[in-house]
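Asks: Structure supplied as work30.txt; contents: compact mmCIF, C-alpha atoms.
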```txt
# COMPACT_ATOMS: atom_id res chain seq x y z
CA MET R 1 -188.48 51.41 52.26
CA LYS R 2 -190.27 49.47 49.52
CA ILE R 3 -193.99 48.80 49.96
CA ALA R 4 -195.95 46.17 48.04
CA TYR R 5 -199.44 47.64 47.89
CA VAL R 6 -201.97 44.82 47.46
CA THR R 7 -205.55 45.19 46.22
CA THR R 8 -208.03 42.94 44.43
CA TYR R 9 -208.79 45.87 42.07
CA ASP R 10 -206.56 48.32 40.19
CA ALA R 11 -205.60 50.87 42.86
CA ARG R 12 -204.35 53.29 40.22
CA ASP R 13 -208.00 53.83 39.25
CA VAL R 14 -209.32 56.70 41.38
CA ARG R 15 -212.90 55.45 40.94
CA GLN R 16 -212.28 52.40 43.14
CA TRP R 17 -213.59 52.50 46.73
CA SER R 18 -214.60 56.18 46.43
CA GLY R 19 -210.97 57.01 45.66
CA THR R 20 -209.61 55.83 49.01
CA GLY R 21 -207.82 52.82 47.50
CA TYR R 22 -206.03 55.32 45.23
CA TYR R 23 -205.21 57.97 47.85
CA VAL R 24 -203.79 55.55 50.46
CA PRO R 25 -200.72 54.65 48.33
CA GLN R 26 -200.42 58.28 47.22
CA SER R 27 -200.13 59.29 50.89
CA LEU R 28 -197.29 56.77 51.31
CA LYS R 29 -195.50 57.87 48.15
CA ASN R 30 -195.69 61.47 49.32
CA GLN R 31 -193.69 60.37 52.38
CA SER R 32 -190.84 59.19 50.10
CA LEU R 33 -191.82 55.52 50.36
CA LEU R 34 -191.44 53.39 47.24
CA VAL R 35 -194.78 51.80 46.35
CA GLU R 36 -195.13 48.82 44.00
CA TYR R 37 -198.67 47.85 43.04
CA ILE R 38 -199.99 44.29 43.13
CA GLY R 39 -203.47 44.10 41.62
CA PRO R 40 -205.94 43.59 40.19
CA LEU R 41 -206.11 39.94 41.23
CA ARG R 42 -207.91 37.16 39.38
CA GLU R 43 -210.98 35.65 41.01
CA LYS R 44 -210.92 31.87 40.70
CA TYR R 45 -214.06 29.68 40.53
CA SER R 46 -216.22 32.76 39.96
CA ARG R 47 -219.01 30.92 38.09
CA LEU R 48 -219.27 28.20 40.72
CA PHE R 49 -219.83 30.72 43.50
CA LYS R 50 -222.33 32.70 41.46
CA VAL R 51 -224.44 29.53 41.30
CA LYS R 52 -223.97 29.04 45.04
CA LYS R 53 -225.15 32.61 45.68
CA LEU R 54 -228.25 31.98 43.57
CA LEU R 55 -229.05 28.77 45.47
CA TYR R 56 -228.80 30.49 48.85
CA SER R 57 -230.99 33.33 47.65
CA SER R 58 -233.63 31.15 45.97
CA PHE R 59 -233.98 28.29 48.45
CA PHE R 60 -232.93 29.74 51.81
CA ARG R 61 -233.66 33.46 51.31
CA LYS R 62 -230.20 34.18 52.70
CA ARG R 63 -227.40 36.39 51.45
CA TYR R 64 -224.15 34.67 50.47
CA LEU R 65 -220.89 36.60 49.90
CA LYS R 66 -218.46 34.91 47.56
CA ASP R 67 -215.66 37.37 48.40
CA ARG R 68 -215.29 35.60 51.78
CA GLU R 69 -214.87 32.15 50.19
CA PRO R 70 -211.61 30.47 51.37
CA LEU R 71 -210.87 29.08 47.88
CA ILE R 72 -211.01 32.56 46.35
CA LEU R 73 -209.03 34.13 49.19
CA LYS R 74 -206.31 31.48 49.13
CA HIS R 75 -205.92 31.94 45.38
CA TYR R 76 -205.52 35.69 46.00
CA GLY R 77 -202.77 34.85 48.49
CA TYR R 78 -201.05 32.61 45.95
CA GLN R 79 -201.09 35.35 43.29
CA VAL R 80 -199.68 37.92 45.72
CA SER R 81 -196.97 35.51 46.91
CA GLU R 82 -195.83 34.93 43.32
CA ARG R 83 -195.49 38.67 42.70
CA LEU R 84 -193.65 39.23 45.98
CA SER R 85 -190.87 36.85 44.95
CA SER R 86 -189.87 39.20 42.13
CA LEU R 87 -190.54 42.52 43.89
CA ASN R 88 -188.83 41.65 47.19
CA PRO R 89 -190.47 44.49 49.19
CA ASP R 90 -189.81 45.39 52.82
CA ILE R 91 -193.50 45.45 53.77
CA VAL R 92 -196.74 44.08 52.31
CA PHE R 93 -199.49 46.67 52.69
CA SER R 94 -203.21 46.50 51.88
CA PRO R 95 -206.26 48.75 52.36
CA GLY R 96 -208.30 45.68 53.33
CA THR R 97 -208.04 42.19 54.77
CA ILE R 98 -209.48 40.26 51.81
CA PRO R 99 -206.33 40.03 49.58
CA ILE R 100 -203.96 39.20 52.46
CA ALA R 101 -206.14 36.98 54.67
CA TYR R 102 -204.35 33.77 53.66
CA LEU R 103 -201.11 35.24 52.32
CA GLU R 104 -197.92 33.30 53.06
CA CYS R 105 -194.86 35.54 52.94
CA SER R 106 -191.74 36.44 54.90
CA GLN R 107 -192.39 40.18 54.90
CA PRO R 108 -194.39 41.97 57.62
CA ILE R 109 -198.05 42.38 56.62
CA VAL R 110 -199.87 45.64 57.36
CA PHE R 111 -203.39 46.71 56.52
CA TRP R 112 -205.24 50.04 56.87
CA THR R 113 -209.00 49.77 56.59
CA ASP R 114 -212.29 51.10 57.92
CA ALA R 115 -214.08 48.07 59.40
CA THR R 116 -213.92 44.46 60.51
CA PHE R 117 -216.24 41.75 59.26
CA ALA R 118 -217.79 41.38 62.72
CA GLY R 119 -218.32 45.14 62.88
CA ILE R 120 -220.45 45.37 59.76
CA VAL R 121 -222.49 42.16 60.08
CA ASN R 122 -226.09 43.23 60.76
CA PHE R 123 -224.90 46.86 60.69
CA TYR R 124 -224.96 47.50 56.96
CA PRO R 125 -228.06 46.27 55.06
CA GLU R 126 -225.91 44.35 52.56
CA PHE R 127 -224.29 42.49 55.47
CA SER R 128 -227.60 41.52 57.05
CA ASN R 129 -229.43 38.20 56.71
CA LEU R 130 -226.19 36.42 55.86
CA CYS R 131 -226.05 32.65 55.62
CA GLN R 132 -224.11 30.84 58.34
CA GLU R 133 -221.45 29.73 55.86
CA THR R 134 -220.62 33.33 54.96
CA ILE R 135 -220.55 34.37 58.62
CA LYS R 136 -218.19 31.49 59.43
CA ASN R 137 -215.97 32.23 56.42
CA GLY R 138 -215.95 35.98 57.06
CA ASN R 139 -214.92 35.65 60.69
CA ALA R 140 -212.27 33.02 59.85
CA MET R 141 -210.86 35.29 57.15
CA GLU R 142 -210.69 38.27 59.51
CA GLN R 143 -209.12 36.19 62.27
CA SER R 144 -206.50 34.88 59.85
CA ALA R 145 -205.64 38.37 58.57
CA LEU R 146 -205.25 39.71 62.12
CA ALA R 147 -203.11 36.74 63.15
CA ARG R 148 -200.78 37.15 60.13
CA CYS R 149 -200.37 40.93 60.24
CA LYS R 150 -197.72 42.81 62.20
CA LEU R 151 -199.85 45.93 62.27
CA ALA R 152 -203.60 46.48 61.93
CA ILE R 153 -204.49 50.11 61.26
CA TYR R 154 -208.11 51.23 61.37
CA SER R 155 -209.62 54.56 60.40
CA SER R 156 -211.75 54.79 63.57
CA GLU R 157 -211.81 53.82 67.24
CA TRP R 158 -215.04 51.92 66.55
CA ALA R 159 -213.39 49.64 63.97
CA ALA R 160 -210.34 49.08 66.19
CA LYS R 161 -212.60 48.17 69.11
CA THR R 162 -214.51 45.59 67.05
CA ALA R 163 -211.19 43.96 66.11
CA ILE R 164 -210.01 43.69 69.72
CA GLU R 165 -213.37 42.56 71.07
CA ASN R 166 -214.23 39.99 68.40
CA TYR R 167 -210.92 38.50 67.29
CA ASN R 168 -208.77 38.24 70.41
CA VAL R 169 -206.06 40.36 68.81
CA ASN R 170 -203.20 41.90 70.76
CA PRO R 171 -204.27 45.56 71.28
CA GLU R 172 -200.65 46.68 70.90
CA LYS R 173 -200.66 45.95 67.18
CA VAL R 174 -203.97 47.75 66.60
CA LYS R 175 -203.68 51.46 65.76
CA VAL R 176 -206.11 54.19 64.70
CA VAL R 177 -205.28 56.61 61.88
CA PRO R 178 -208.19 58.49 60.23
CA PHE R 179 -208.30 58.70 56.45
CA GLY R 180 -207.82 62.02 54.67
CA ALA R 181 -209.95 63.99 52.24
CA ASN R 182 -209.96 62.65 48.67
CA ILE R 183 -209.30 66.01 47.03
CA GLU R 184 -206.65 67.59 44.84
CA GLY R 185 -205.22 70.95 45.87
CA HIS R 186 -205.41 72.57 49.27
CA LYS R 187 -206.94 75.76 50.55
CA GLU R 188 -205.53 78.17 53.12
CA ILE R 189 -207.36 79.86 55.97
CA ASP R 190 -207.73 83.08 53.94
CA ASP R 191 -209.51 81.11 51.21
CA ILE R 192 -211.98 79.79 53.78
CA LYS R 193 -212.61 83.28 55.14
CA LEU R 194 -213.43 84.50 51.63
CA ILE R 195 -215.78 81.54 51.14
CA LEU R 196 -217.55 82.35 54.41
CA GLU R 197 -218.02 85.98 53.38
CA SER R 198 -219.56 84.91 50.06
CA LYS R 199 -222.18 82.56 51.57
CA PRO R 200 -225.76 83.90 51.69
CA ARG R 201 -227.00 84.90 55.14
CA ASN R 202 -230.70 84.98 54.33
CA LYS R 203 -230.93 81.22 53.72
CA CYS R 204 -229.41 77.94 54.89
CA LYS R 205 -228.03 75.65 52.20
CA LEU R 206 -227.85 71.99 53.22
CA LEU R 207 -225.99 69.39 51.16
CA PHE R 208 -226.75 65.65 51.23
CA LEU R 209 -224.02 63.54 49.56
CA GLY R 210 -224.74 59.81 49.58
CA VAL R 211 -225.54 56.87 47.34
CA ASP R 212 -227.98 55.20 49.77
CA TRP R 213 -230.99 57.39 50.59
CA PHE R 214 -232.10 55.46 53.66
CA ARG R 215 -228.78 54.28 55.18
CA LYS R 216 -227.30 57.77 54.83
CA GLY R 217 -230.38 59.33 56.44
CA GLY R 218 -231.84 61.17 53.47
CA ASN R 219 -235.35 60.96 54.94
CA ILE R 220 -234.11 62.75 58.08
CA ALA R 221 -232.29 65.41 56.04
CA LEU R 222 -235.48 66.07 54.07
CA GLU R 223 -237.63 66.36 57.19
CA VAL R 224 -235.10 68.70 58.83
CA THR R 225 -235.23 70.97 55.76
CA LYS R 226 -239.03 70.88 55.79
CA GLN R 227 -239.31 71.82 59.46
CA LEU R 228 -236.70 74.56 59.15
CA ASN R 229 -238.82 76.19 56.45
CA GLN R 230 -241.95 75.75 58.53
CA GLY R 231 -240.15 77.42 61.44
CA GLY R 232 -239.24 80.52 59.47
CA ILE R 233 -235.72 79.59 58.32
CA THR R 234 -235.35 79.63 54.53
CA ALA R 235 -233.58 76.34 53.88
CA GLU R 236 -232.57 74.48 50.71
CA LEU R 237 -231.52 70.84 50.40
CA THR R 238 -229.33 69.67 47.52
CA VAL R 239 -229.25 65.89 47.05
CA VAL R 240 -226.28 64.32 45.26
CA GLY R 241 -225.62 60.62 44.67
CA CYS R 242 -229.10 59.14 44.81
CA GLN R 243 -232.77 59.71 44.11
CA PRO R 244 -234.90 60.59 47.16
CA VAL R 245 -237.53 57.99 48.02
CA VAL R 246 -240.67 59.93 48.96
CA ASP R 247 -244.42 59.74 48.68
CA GLY R 248 -245.61 62.26 46.13
CA SER R 249 -243.57 65.08 44.66
CA LEU R 250 -240.60 66.84 46.22
CA PRO R 251 -240.99 70.39 47.52
CA SER R 252 -239.45 73.28 45.59
CA TYR R 253 -236.69 73.75 48.17
CA VAL R 254 -235.18 70.34 47.28
CA LYS R 255 -232.78 70.10 44.35
CA VAL R 256 -231.83 66.61 43.10
CA LEU R 257 -228.66 66.38 41.00
CA GLY R 258 -228.20 62.59 40.89
CA PHE R 259 -224.80 60.96 40.58
CA ILE R 260 -221.79 63.19 39.93
CA ASN R 261 -218.59 61.45 38.86
CA LYS R 262 -215.85 63.07 40.93
CA SER R 263 -213.14 61.16 39.07
CA THR R 264 -213.65 63.55 36.13
CA GLN R 265 -212.44 67.13 36.24
CA GLU R 266 -215.92 68.43 35.45
CA GLY R 267 -217.51 66.31 38.20
CA ARG R 268 -214.88 67.27 40.76
CA GLN R 269 -215.35 70.98 40.00
CA GLN R 270 -219.12 70.63 40.30
CA LEU R 271 -218.85 68.89 43.68
CA ASP R 272 -216.32 71.43 44.94
CA LYS R 273 -218.68 74.25 43.97
CA LEU R 274 -221.62 72.58 45.75
CA ILE R 275 -219.63 72.05 48.95
CA THR R 276 -218.25 75.61 48.81
CA GLU R 277 -221.74 77.10 48.56
CA SER R 278 -223.24 74.95 51.35
CA HIS R 279 -223.56 75.93 54.99
CA PHE R 280 -223.70 72.33 56.25
CA LEU R 281 -223.15 68.82 54.99
CA ILE R 282 -226.01 66.78 56.46
CA LEU R 283 -225.65 63.00 56.50
CA PRO R 284 -227.63 61.48 59.41
CA SER R 285 -226.51 57.91 58.71
CA THR R 286 -228.02 54.88 60.40
CA ALA R 287 -224.83 52.92 59.65
CA ASP R 288 -221.40 54.12 58.47
CA CYS R 289 -217.70 53.37 58.89
CA THR R 290 -215.74 56.58 58.25
CA PRO R 291 -217.23 58.63 55.41
CA ILE R 292 -214.47 60.47 53.57
CA VAL R 293 -216.99 63.11 52.52
CA PHE R 294 -216.84 64.61 56.03
CA CYS R 295 -213.11 65.27 55.59
CA GLU R 296 -213.79 66.76 52.17
CA ALA R 297 -216.49 69.08 53.55
CA ASN R 298 -214.19 70.22 56.37
CA SER R 299 -211.49 71.01 53.80
CA PHE R 300 -213.85 73.74 52.52
CA GLY R 301 -214.72 74.92 56.03
CA VAL R 302 -218.13 73.24 55.93
CA PRO R 303 -219.33 71.76 59.26
CA CYS R 304 -220.94 68.30 59.19
CA ILE R 305 -224.18 67.14 60.78
CA SER R 306 -224.46 63.39 61.34
CA THR R 307 -225.22 60.62 63.82
CA ASN R 308 -223.23 59.02 66.61
CA VAL R 309 -222.84 55.61 64.94
CA GLY R 310 -219.97 53.43 63.71
CA GLY R 311 -216.73 55.24 63.00
CA ILE R 312 -218.26 58.69 62.55
CA PRO R 313 -217.31 59.99 66.06
CA THR R 314 -213.62 59.60 65.16
CA VAL R 315 -214.08 62.13 62.36
CA ILE R 316 -216.75 64.52 63.66
CA LYS R 317 -216.25 66.13 67.07
CA ASP R 318 -219.10 68.16 68.54
CA GLY R 319 -218.38 71.87 68.49
CA LEU R 320 -215.16 71.45 66.51
CA ASN R 321 -216.20 70.40 63.02
CA GLY R 322 -219.91 69.68 63.31
CA LYS R 323 -222.51 68.02 65.46
CA LEU R 324 -223.50 64.40 66.08
CA PHE R 325 -226.97 63.33 67.13
CA SER R 326 -228.18 60.03 68.54
CA ARG R 327 -230.17 57.77 66.22
CA THR R 328 -233.23 58.50 68.38
CA ALA R 329 -232.86 62.30 68.22
CA GLU R 330 -235.91 64.36 67.30
CA ILE R 331 -236.01 66.38 64.08
CA SER R 332 -236.46 69.44 66.29
CA ASP R 333 -233.02 68.77 67.82
CA TYR R 334 -231.40 69.07 64.39
CA CYS R 335 -233.44 72.16 63.58
CA LYS R 336 -232.50 73.94 66.81
CA PHE R 337 -228.81 73.35 66.23
CA ILE R 338 -229.00 74.69 62.68
CA SER R 339 -231.30 77.64 63.39
CA ASP R 340 -229.21 78.78 66.38
CA LEU R 341 -226.13 79.00 64.15
CA VAL R 342 -227.94 80.52 61.17
CA SER R 343 -229.32 83.30 63.39
CA ASN R 344 -225.85 83.98 64.80
CA TYR R 345 -223.60 84.01 61.75
CA SER R 346 -220.43 84.90 63.68
CA GLN R 347 -220.93 81.72 65.71
CA TYR R 348 -221.42 79.76 62.48
CA GLN R 349 -218.22 81.31 61.10
CA SER R 350 -216.29 80.18 64.17
CA LEU R 351 -217.50 76.60 63.70
CA ALA R 352 -216.64 76.74 59.99
CA LEU R 353 -213.10 77.94 60.70
CA SER R 354 -212.74 75.29 63.40
CA SER R 355 -213.92 72.67 60.88
CA PHE R 356 -211.17 73.72 58.49
CA ASN R 357 -208.68 73.56 61.35
CA GLU R 358 -209.70 69.94 62.04
CA TYR R 359 -209.07 69.15 58.38
CA GLN R 360 -205.64 70.78 58.50
CA LYS R 361 -204.70 69.20 61.81
CA ARG R 362 -205.81 65.59 61.36
CA LEU R 363 -208.20 64.90 58.45
CA ASN R 364 -205.85 65.11 55.47
CA TRP R 365 -203.68 62.55 53.69
CA SER R 366 -200.43 64.34 54.51
CA VAL R 367 -200.94 63.95 58.26
CA ALA R 368 -202.28 60.40 57.79
CA GLY R 369 -199.32 59.40 55.60
CA LYS R 370 -196.77 60.76 58.08
CA THR R 371 -198.44 58.88 60.93
CA VAL R 372 -198.53 55.59 59.02
CA LYS R 373 -194.91 56.00 57.88
CA SER R 374 -193.78 56.37 61.49
CA LEU R 375 -195.72 53.21 62.42
CA LEU R 376 -194.11 51.31 59.54
CA LYS R 377 -190.62 52.43 60.56
CA GLU R 378 -191.23 50.95 64.01
CA LEU R 379 -191.66 47.51 62.41
CA ASN R 380 -188.06 47.45 61.12
```
Mind turning this structure into structure tokens?
Replies:
Amino acid sequence: MKIAYVTTYDARDVRQWSGTGYYVPQSLKNQSLLVEYIGPLREKYSRLFKVKKLLYSSFFRKRYLKDREPLILKHYGYQVSERLSSLNPDIVFSPGTIPIAYLECSQPIVFWTDATFAGIVNFYPEFSNLCQETIKNGNAMEQSALARCKLAIYSSEWAAKTAIENYNVNPEKVKVVPFGANIEGHKEIDDIKLILESKPRNKCKLLFLGVDWFRKGGNIALEVTKQLNQGGITAELTVVGCQPVVDGSLPSYVKVLGFINKSTQEGRQQLDKLITESHFLILPSTADCTPIVFCEANSFGVPCISTNVGGIPTVIKDGLNGKLFSRTAEISDYCKFISDLVSNYSQYQSLALSSFNEYQKRLNWSVAGKTVKSLLKELN
């Protein structure tokens, strides 16, 4: 089976879309599917829409998104259609709806993504305060993509639900397949047991991995660490990906490492070491689709602490690979969960081993690729 893998960017570059755009086709190739890349695509009328964006911002104080413009999207479709004529694939596949929204082709269209336009409007800050033109274009684009596709795969139940509820799509062609961990190499259960034995038992090491301090809940992670220390638990917080926004100076138990480029060998090794040494990944997001970092943490036997929002509940299951809290939860609720496990290390070890089991069972690209391959075979 030959797959035409369509992206607006170069999907062979692991730095794109946190690596997910790279690992999706790798998961298909590992299932003996032939993958031909189409992308990057040229963006037509770019200068015109930059001016339009400036006008909306300056005069209406509204956010305008040029990547939902029909003229740009239809030109993407034209470019893809031209390439398809020479490749002659069995299926057109994309990790998003943007490059295939207005594609005209004879092959079945499939996409595998983490959100719908309707799902992220007024959910993510960058999709808030949108102008009416962008909202209209975005919904029309999503509706067109769902009408044209034979199969719409989402990485969470939340995303699938927003598609069915907002775009009148046939539920039978909507499927849920979680993404895998964007890592190279795989550990075995004995490796995880050794890691657990090497972790310190006289302190709790929390890891915050996120580029947006507020949306990813950095302020909550910091307060949890503070109150744990005040309650007699020696806790450390390592912050990677952003600079904490706080009044005054940071306490000594907070370590800020900034951005680490995981596409380099040095960066990947540094991140792996940080995850290995941590007791918990803490990411109490106010808005999120399906953060791959949870899968990555679980691959090291590290349980995740987060919030019950967006697509996160598809990845994190209470008592299996972490704990989810409501957005209105008290800091003391987080602290009790952590302190109870820290004071009973055998219970923590059980959760850590269960977290690794969740990674092995469902949160890796091998399982995801096999599932998607079986769905694709059903189309023929």
Asks: Would you mind telling me which residue in R:Asp212, R:Asp272, R:Glu330, R:Glu277 lies nearest to R:Gln243 when using only C-alpha atoms?
Replies: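 Once distances to R:Gln243 are computed over only C-alpha atoms, the minimum belongs to R:Asp212.
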Asks: How many Å separate atom CA of R:Val92 from atom CA of R:Glu142?
Replies: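 Distance between the two atoms: 16.7 Å.
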Asks: Could you put an axis-aligned box around every listed atom of stretch 119-126 of chain R, padded by 3 Å on each side, and send me its centre and edge lengths in Å to one decimal, as JSON?
Replies:
```
{"center_x": -223.2, "center_y": 44.8, "center_z": 57.7, "size_x": 15.7, "size_y": 11.3, "size_z": 16.3}
```
Asks: For R:Val24, which residue out of R:Cys131, R:Leu55, R:Ala11, R:Ile305 is the nearest one, using all atoms listed in the file?
Replies: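 Nearest candidate to R:Val24 out of R:Cys131, R:Leu55, R:Ala11, R:Ile305: R:Ala11.
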Asks: By how many Å are atom CA of R:Tyr23 and atom CA of R:Ile189 apart?
Replies: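 Those two atoms sit 23.4 Å apart.
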Asks: By how many Å are atom CA of R:Asn122 and atom CA of R:Phe179 apart?
Replies: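 About the pair atom CA of R:Asn122 and atom CA of R:Phe179: they are 24.0 Å apart.
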Asks: Which of these residues is nearest to R:Asn170, using all atoms listed in the file: R:Lys150, R:Lys50, R:Lys255, R:Lys203?
Replies: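 Among the listed residues, the smallest separation from R:Asn170 belongs to R:Lys150.
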Asks: Would you mind telling me which residue in R:Glu188, R:Arg327, R:Thr97, R:Arg63 lies nearest to R:Gln132 when using only C-alpha atoms?
Replies: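 Once distances to R:Gln132 are computed over only C-alpha atoms, the minimum belongs to R:Arg63.
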Asks: So that I can check the surroundings of R:Ala115, please list as a list of chain:residue names every protein, DNA and RNA residue that reaches within 8 Å of it, counting all atoms listed in the file and ignoring chain neighbours fewer than 2 positions away.
Replies: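 The neighbour list is R:Thr113, R:Phe117, R:Gly119, R:Ile120, R:Tyr154, R:Ser155, R:Ala159, R:Ala160, R:Cys289.
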Asks: Residues within 10 Å of stretch 218-225 of chain R, please, as a VMD selection string. Count all atoms listed in the file; anything in the same chain fewer than 2 positions from it doesn't count.
Replies: chain R and resid 204 to 216 227 to 231 233 to 239 242 to 246 250 to 251 253 to 254 281 to 285 305 to 306 330 to 336 338
Asks: Closest to R:Leu65 among R:Val14, R:Leu130, R:Val110, R:Val80, using all atoms listed in the file?
Replies: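 Closest residue, counting all atoms listed in the file: R:Leu130.
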